[in-house]
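To keep things clear, I will list the structure first and then write my remarks on it.
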Number of protein chains: 4
Amino acid sequence: MQKTLEEALKIGKPYIAEGACASYIPELSLANKEDLGICVLTKSMDCYSVGDTKKRFTIQSISKVISLAFALERLGYERVFEKMSMEPSGDAFDSLLKLDTTSDKPFNPMINAGALATIGYLVPNTSFEEMLEYTRRVCMDPEIIVDKKVFESEMSHCARNRAICYLLQSKGIIECDVEDTLILYTKMCSLSVTAESLANFGLVLANGGRHPETGVRLMNMEAVRLAKTIMLTCGMYDGSGEFAVRVGIPSKSGVGGGILAVVEKRMGIGIYGPALDQKGNSIAGQYILEHLSKELKLHMFDSEA
Amino acid sequence: MQKTLEEALKIGKPYIAEGACASYIPELSLANKEDLGICVLTKSMDCYSVGDTKKRFTIQSISKVISLAFALERLGYERVFEKMSMEPSGDAFDSLLKLDTTSDKPFNPMINAGALATIGYLVPNTSFEEMLEYTRRVCMDPEIIVDKKVFESEMSHCARNRAICYLLQSKGIIECDVEDTLILYTKMCSLSVTAESLANFGLVLANGGRHPETGVRLMNMEAVRLAKTIMLTCGMYDGSGEFAVRVGIPSKSGVGGGILAVVEKRMGIGIYGPALDQKGNSIAGQYILEHLSKELKLHMFDSEA
Amino acid sequence: MQKTLEEALKIGKPYIAEGACASYIPELSLANKEDLGICVLTKSMDCYSVGDTKKRFTIQSISKVISLAFALERLGYERVFEKMSMEPSGDAFDSLLKLDTTSDKPFNPMINAGALATIGYLVPNTSFEEMLEYTRRVCMDPEIIVDKKVFESEMSHCARNRAICYLLQSKGIIECDVEDTLILYTKMCSLSVTAESLANFGLVLANGGRHPETGVRLMNMEAVRLAKTIMLTCGMYDGSGEFAVRVGIPSKSGVGGGILAVVEKRMGIGIYGPALDQKGNSIAGQYILEHLSKELKLHMFDSEA
Amino acid sequence: MQKTLEEALKIGKPYIAEGACASYIPELSLANKEDLGICVLTKSMDCYSVGDTKKRFTIQSISKVISLAFALERLGYERVFEKMSMEPSGDAFDSLLKLDTTSDKPFNPMINAGALATIGYLVPNTSFEEMLEYTRRVCMDPEIIVDKKVFESEMSHCARNRAICYLLQSKGIIECDVEDTLILYTKMCSLSVTAESLANFGLVLANGGRHPETGVRLMNMEAVRLAKTIMLTCGMYDGSGEFAVRVGIPSKSGVGGGILAVVEKRMGIGIYGPALDQKGNSIAGQYILEHLSKELKLHMFDSEA
């Protein structure tokens with residue numbers, strides 16, 4: 001396994017040159033484009049790491065999975081999907097298009113409109129501290145904190161998210177205060193994790209929400225199932241369909257460079273590689289996952305595994 | 001199992017009243033809205049049937065799975081996806097929108113634009129007879145033939161598909177004769193199958209492309225994997241995302257009333273119920289599959305199964 | 001002439017039943033739907049009035065013409081159209097669609113996005129008091145003031161305009177404070193005018209920007225020409241094209257029920273009728289203008305006049 | 001006047017370098033990009049010409065004005081606009097977007113969808129010969145014929161127009177044979193005119209449809225008024241709004257390089273310059289018209305003329 005990871009790292013490296021760090025948030029553009037790390041945690045709690053797996057970076061959109069699961073546990077399925085769909089949209093993560101034309105609902109909770117709506121539902125019902133606590137628990141990483149520089153940088157460059165929020169408010173989807181929503185959303189995006197934290201979280205999801213060692217339930221099972229399904233259909237922005245075909249592992253990427261991947265019943269995978277492709281996914285990370293999927297037969301429909 | 005199916009049938013029945021037979025093709029509107037049948041074929045070749053499982057109906061969009069697999073075997077992945085994406089679009093099955101705005105490619109092979117492109121690639125490289133032969137083999141049903149009434153009815157009401165074809169031609173995606181493409185496409189849609197044929201085909205797919213008894217390879221393994229993945233993300237038109245969450249079984253519906261469902265490594269399911277919802281999916285069929293998924297723990301992420 | 005106006009009023013009246021007062025701003029929905037008034041002021045300063053021509057109502061979108069002219073005078077053509085087009089869009093007045101897809105510019109200054117951008121350019125360069133002064137002058141109506149109830153009602157129901165502003169900010173089009181922009185925009189919309197004020201303003205525009213009696217220049221000639229042209233192509237929201245054909249008089253409507261109409265070199269017309277059609281134009285007002293155009297040969301291409 | 005035209009030609013010339021001949025129809029791409037000609041015919045029948053005003057080129061989209069007027073005369077307003085709007089769309093001339101989303105009608109008769117619908121209404125009610133006869137009459141040019149090379153070139157590159165036709169058929173807008181529609185449409189586009197023919201036609205329109213010398217009615221007055229209005233709002237493709245502001249003369253361009261311009265009650269202008277801008281309008285032609293508008297005070301709202 002260790003060898004396979006080293007190989008995968010070597011295969012991913014050259015693609016870094018074709019990518020670029022997120023540029024629309026100044027603080028993110030300062031990341032070291034060359035960083036790359038892979039962490040795999042298996043069901044038997046064997047942990048394999050290569051590269052920059054202990055380096056902290058901000059979780060960004062991967063927090064959408066956490067917020068969704070948390071909202072499902074706290075508010076229930078009916079409330080969360082009362083005014084939100086769960087369809088992949090084929091549009092970019094920050095698109096307003098379908099929200100304002102085809103439908104009057106955010107298309108799914110993995111794009112900004114849907115994630116902001118989800119946070120809007122949570123604002124009157126929780127606190128950031130509770131959500132941080134939940135995040136640390138499911139990532140089995142007590143050191144997760146808000147990266148204040150990134151948080152402040154994002155808050156001062158969030159006009160588009162603010163526009164999405166007010167559009168949601170105008171449609172009666174966000175009913176609480178928009179600024180509170182933006183702050184909570186941006187705090188969740190600014191949590192600093194490592195490839196290891198993501199591998200941990202991945203294994204919890206792969207294990208149906210139970211702690212892989214103790215068997216203690218950390219997440220509600222229905223929330224876990226729903227999260228994994230939506231990661232599969234919508235987790236890699238408007239590249240989700242092709243990623244499902246080529247890799248076949250429910251995954252969620254963030255513009256901080258992280259990818260969370262969940263191999264059902266078998267392992268969690270965390271990747272860090274801040275050079276992104278045009279859709280906002282870690283470019284090396286995707287090639288690494290494709291390689292691992294092939295070598296380790298991780299595709300969900302790899303019938304001869 | 002037999003009891004579970006009977007129960008599922010009873011649960012699905014009442015929803016028929018909310019649906020309607022496809023109206024845009026006169027011949028399809030003549031179907032008996034009350035028909036309903038479920039057939040399950042397990043890996044051990046046990047076959048369970050309730051309701052109208054031997055009644056013939058036209059395969060319609062489910063043929064898109066067959067044409068895609070056939071094209072992948074005949075032409076290869078590179079050729080098939082040279083000018084086509086594999087992203088779910090969130091738009092209706094006959095949408096021109098994304099084809100003419102966001103992208104210059106059909107979004108995926110499960111919507112009309114993509115399926116017509118796929119057929120267009122095949123026209124110079126195969127004959128209908130070969131495709132019929134292939135269909136009969138993978139459905140393990142030698143009696144499949146073209147329903148001539150439906151074929152003719154569709155050919156005289158296909159202005160929109162013809163428009164899509166010429167748009168594809170104008171973009172250099174269809175290079176062969178448009179009328180030949182339309183005829184081959186419509187013939188494939190007009191093949192008459194039964195819920196049993198679909199259950200057979202489902203089991204072949206669940207089994208990685210091998211005949212479930214003899215182990216003989218009927219379909220290329222990569223084609224099978226790709227087909228199942230795309231069924232999962234795009235198989236139920238613009239309801240695919242929600243269906244994946246609630247049911248979690250790769251499926252493909254057709255406006256003839258059929259649904260093909262593939263439970264990885266375990267079973268094939270065929271359903272016939274011509275009353276459709278607004279997206280074009282068998283309305284009772286979806287509730288039946290949701291019930292079966294829950295009762296038999298068929299959801300792909302049912303981690304505690 | 002007086003008789004023709006009375007006739008026109010009679011022709012317009014019955015259409016009121018098919019319209020409705022603007023509902024999205026509570027205070028506007030309180031208007032008396034049955035109100036209807038027409039005022040015509042000719043170049044020789046003959047004034048003809050029928051119906052409710054002295055009743056005050058809020059100017060709403062008609063202020064877009066004033067803000068545009070004022071911005072052209074204050075900032076110049078280059079600055080105003082640096083990041084804005086002047087194309088009719090065929091979309092509704094509050095559409096975000098084209099702003100976020102086809103183009104990164106508001107399509108024209110007569111839709112909300114363009115008017116908000118225009119106000120955003122003015123915020124650092126003027127005060128509301130100056131704009132009020134300008135409005136009173138060009139409308140030859142010193143009694144125009146802000147209707148506070150409407151202003152407050154609009155400010156508490158402007159989530160969509162706020163969304164548009166932040167979207168404009170995210171694209172670098174609005175560079176000043178968004179709340180300042182919204183307040184100035186909404187104040188301008190809340191100015192209370194009469195059908196007479198609009199007829200006055202119309203005559204000033206018809207007269208190339210000069211006071212019709214004294215000949216003193218009240219508005220810059222280029223600004224007047226541009227305003228009239230854009231009223232013609234974009235002034236009646238997404239009904240502008242048909243209105244130009246049927247009526248052929250540059251006009252601008254507001255959801256307060258007003259219509260400003262400019263008969264080149266001949267007269268100004270002001271109408272008040274708060275029952276609106278689905279596009280947001282005074283329903284009776286349009287039929288009245290169509291009748292006047294026919295009877296008085298006011299169509300710009302009425303070659304045999 | 002002659003001097004002004006020579007000046008205008010000199011001003012337009014340098015812009016040719018920034019344009020290009022239409023490339024999507026092979027035969028059009030063979031035009032001599034450097035050609036440029038202006039012809040002005042005044043109400044008193046004084047004719048001024050500079051440059052290539054006797055060179056034949058194909059009329060292309062300018063024929064949309066003729067077909068519209070002819071259809072209005074032959075079929076009446078109600079029939080022509082039963083399933084077509086008259087709104088500028090802000091989209092490109094060959095767009096399918098609005099036709100398939102916002103509305104189920106072509107937006108206006110100056111874009112391909114609307115012009116094809118118009119021709120579709122005419123097919124069962126007229127012959128090409130009648131339309132040719134009408135064209136020769138209103139252009140006062142008996143030598144107009146079909147340019148066969150262009151016609152054939154266009155017929156073999158019309159997949160997109162064919163797609164539009166079938167989409168119109170699928171919506172019940174075109175009810176006659178699509179191929180007949182395409183042939184008649186393409187024949188009308190392939191008529192060869194000169195800048196002089198266009199100036200003649202422009203003067204007839206400026207004169208309310210009467211022969212400028214004899215006073216004999218050549219066109220129905222309502223048709224003329226409607227045609228001029230729609231030229232103003234929609235005649236220069238998605239550049240119509242800006243053209244109306246800067247030039248203020250109802251005009252219609254064609255990708256053959258022609259522009260027809262109508263100065264109400266005063267003159268007709270014909271221009272030939274096959275180097276086009278990105279929207280499909282003669283690039284030098286537009287600058288020439290802007291110059292003439294300024295020098296000769298031709299803007300419709302030039303109040304101090």
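Going by the structure tokens order, chains are called A, B, ..., each with residues numbered from 1, while ligands are numbered from 1 in the order shown.
All residues of stretch 114-304 of chain B that DSSP, run on the backbone, classes as strand (DSSP E) are Ser192, Val193, Ser251, Lys252, Ser253, Gly258, Ile259, Leu260, Ala261, Val262, Val263, Met267, Gly268, Ile269, Gly270, Ile271 and Tyr272 of chain B.
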Checklist entry - Once you count only C-alpha atoms, which residues of chain C turn out to be within 8 Å of chain D? Could you give them as number ranges by chain? => result C: 85-91, 206-208, 225-226, 228-230, 233, 238-242, 244-245, 248, 264-265, 301-304
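The gap separating atom CA of A:Pro212 from atom CA of A:Met45 is 7.2 Å, in Å to one decimal.
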Next on the checklist: Using only C-alpha atoms, which protein or nucleic acid residues come within 10 Å of stretch 64-68 of chain D? Drop anything in the same chain fewer than 2 positions from it, and give the result as a ChimeraX atom specification.
Outcome noted: /D:59-62,70-74,77,80,109-112,114-116,118-119,122,131-132,134-135,138-139,185,188-189,201,223-224,226-228,230-231,235,251-254,260
Checklist entry - Skipping near chain neighbours, those fewer than 4 positions away, what residues fall within 10 Å of stretch 152-163 of chain B using only C-alpha atoms, listed as JSON, numbers by chain? => result {"B": [24, 25, 26, 27, 28, 94, 95, 96, 112, 113, 116, 147, 148, 167, 168, 169, 178, 179, 181, 182, 183, 185, 186, 187, 189, 190], "D": [159, 160, 161, 162, 163, 164, 165, 166, 167, 168, 169, 170, 171, 172]}
Item to check | Near-stretch 7-12 of chain C list (9 Å; only C-alpha atoms; drop same-chain fewer than 5 positions) as a list in words | outcome: Gln2, Leu36, Gly37, Ile38, Val50, Gly51, Ile283, Ala284, Gly285, Gln286, Tyr287, Ile288, Leu289, Glu290, His291 and Leu292 of chain C
Selection above as a file: N, CA, C and O atoms, as a PDB file, in the first residue's frame:
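File part.pdb, as written:
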ATOM      1  N   GLN C   2     -59.304  67.664 -26.009  1.00  0.00           N
ATOM      2  CA  GLN C   2     -59.915  67.286 -24.738  1.00  0.00           C
ATOM      3  C   GLN C   2     -60.839  66.076 -24.943  1.00  0.00           C
ATOM      4  O   GLN C   2     -60.828  65.124 -24.162  1.00  0.00           O
ATOM      5  N   LEU C  36     -57.210  56.596 -12.664  1.00  0.00           N
ATOM      6  CA  LEU C  36     -56.748  56.704 -14.046  1.00  0.00           C
ATOM      7  C   LEU C  36     -56.744  58.171 -14.443  1.00  0.00           C
ATOM      8  O   LEU C  36     -57.735  58.882 -14.214  1.00  0.00           O
ATOM      9  N   GLY C  37     -55.646  58.620 -15.005  1.00  0.00           N
ATOM     10  CA  GLY C  37     -55.567  60.012 -15.412  1.00  0.00           C
ATOM     11  C   GLY C  37     -54.621  60.188 -16.575  1.00  0.00           C
ATOM     12  O   GLY C  37     -53.643  59.442 -16.723  1.00  0.00           O
ATOM     13  N   ILE C  38     -54.911  61.149 -17.436  1.00  0.00           N
ATOM     14  CA  ILE C  38     -54.058  61.446 -18.602  1.00  0.00           C
ATOM     15  C   ILE C  38     -53.827  62.950 -18.646  1.00  0.00           C
ATOM     16  O   ILE C  38     -54.780  63.721 -18.555  1.00  0.00           O
ATOM     17  N   VAL C  50     -57.492  64.800 -18.156  1.00  0.00           N
ATOM     18  CA  VAL C  50     -58.724  64.096 -17.765  1.00  0.00           C
ATOM     19  C   VAL C  50     -58.381  63.124 -16.656  1.00  0.00           C
ATOM     20  O   VAL C  50     -57.286  62.550 -16.626  1.00  0.00           O
ATOM     21  N   GLY C  51     -59.307  62.922 -15.741  1.00  0.00           N
ATOM     22  CA  GLY C  51     -59.125  61.937 -14.665  1.00  0.00           C
ATOM     23  C   GLY C  51     -58.169  62.408 -13.599  1.00  0.00           C
ATOM     24  O   GLY C  51     -57.996  63.609 -13.366  1.00  0.00           O
ATOM     25  N   ILE C 283     -51.689  48.894 -17.321  1.00  0.00           N
ATOM     26  CA  ILE C 283     -52.410  48.202 -18.388  1.00  0.00           C
ATOM     27  C   ILE C 283     -53.318  49.163 -19.158  1.00  0.00           C
ATOM     28  O   ILE C 283     -53.289  49.206 -20.391  1.00  0.00           O
ATOM     29  N   ALA C 284     -54.081  49.964 -18.429  1.00  0.00           N
ATOM     30  CA  ALA C 284     -54.942  50.932 -19.122  1.00  0.00           C
ATOM     31  C   ALA C 284     -54.093  51.966 -19.847  1.00  0.00           C
ATOM     32  O   ALA C 284     -54.416  52.389 -20.965  1.00  0.00           O
ATOM     33  N   GLY C 285     -52.983  52.345 -19.214  1.00  0.00           N
ATOM     34  CA  GLY C 285     -52.109  53.360 -19.802  1.00  0.00           C
ATOM     35  C   GLY C 285     -51.648  52.992 -21.194  1.00  0.00           C
ATOM     36  O   GLY C 285     -51.578  53.839 -22.101  1.00  0.00           O
ATOM     37  N   GLN C 286     -51.338  51.730 -21.386  1.00  0.00           N
ATOM     38  CA  GLN C 286     -50.865  51.316 -22.704  1.00  0.00           C
ATOM     39  C   GLN C 286     -51.951  51.429 -23.761  1.00  0.00           C
ATOM     40  O   GLN C 286     -51.691  51.831 -24.897  1.00  0.00           O
ATOM     41  N   TYR C 287     -53.157  51.021 -23.407  1.00  0.00           N
ATOM     42  CA  TYR C 287     -54.242  51.115 -24.377  1.00  0.00           C
ATOM     43  C   TYR C 287     -54.572  52.576 -24.681  1.00  0.00           C
ATOM     44  O   TYR C 287     -54.907  52.940 -25.809  1.00  0.00           O
ATOM     45  N   ILE C 288     -54.472  53.408 -23.646  1.00  0.00           N
ATOM     46  CA  ILE C 288     -54.700  54.840 -23.849  1.00  0.00           C
ATOM     47  C   ILE C 288     -53.678  55.415 -24.828  1.00  0.00           C
ATOM     48  O   ILE C 288     -54.030  56.118 -25.785  1.00  0.00           O
ATOM     49  N   LEU C 289     -52.422  55.062 -24.626  1.00  0.00           N
ATOM     50  CA  LEU C 289     -51.389  55.592 -25.521  1.00  0.00           C
ATOM     51  C   LEU C 289     -51.564  55.052 -26.929  1.00  0.00           C
ATOM     52  O   LEU C 289     -51.340  55.774 -27.911  1.00  0.00           O
ATOM     53  N   GLU C 290     -51.963  53.802 -27.053  1.00  0.00           N
ATOM     54  CA  GLU C 290     -52.185  53.250 -28.391  1.00  0.00           C
ATOM     55  C   GLU C 290     -53.308  54.027 -29.090  1.00  0.00           C
ATOM     56  O   GLU C 290     -53.197  54.372 -30.268  1.00  0.00           O
ATOM     57  N   HIS C 291     -54.350  54.301 -28.331  1.00  0.00           N
ATOM     58  CA  HIS C 291     -55.472  55.054 -28.918  1.00  0.00           C
ATOM     59  C   HIS C 291     -55.025  56.462 -29.317  1.00  0.00           C
ATOM     60  O   HIS C 291     -55.309  56.927 -30.436  1.00  0.00           O
ATOM     61  N   LEU C 292     -54.331  57.136 -28.430  1.00  0.00           N
ATOM     62  CA  LEU C 292     -53.873  58.497 -28.752  1.00  0.00           C
ATOM     63  C   LEU C 292     -52.956  58.492 -29.965  1.00  0.00           C
ATOM     64  O   LEU C 292     -53.030  59.373 -30.831  1.00  0.00           O
TER      65      LEU C 292
END
Checklist entry - So which one's closest to A:Arg79, A:Leu184, A:Leu99, A:Ala117, A:Met236? Using only C-alpha atoms, please. => result A:Ala117
Next on the checklist: From a backbone DSSP assignment, name each residue in stretch 16-236 of chain D labelled helix (DSSP H, G or I), as a PyMOL selection string.
Outcome noted: chain D and resi 16-18+28-30+60-75+77-80+97-100+112-125+128-138+148-155+159-170+178-189+195-206+221-234
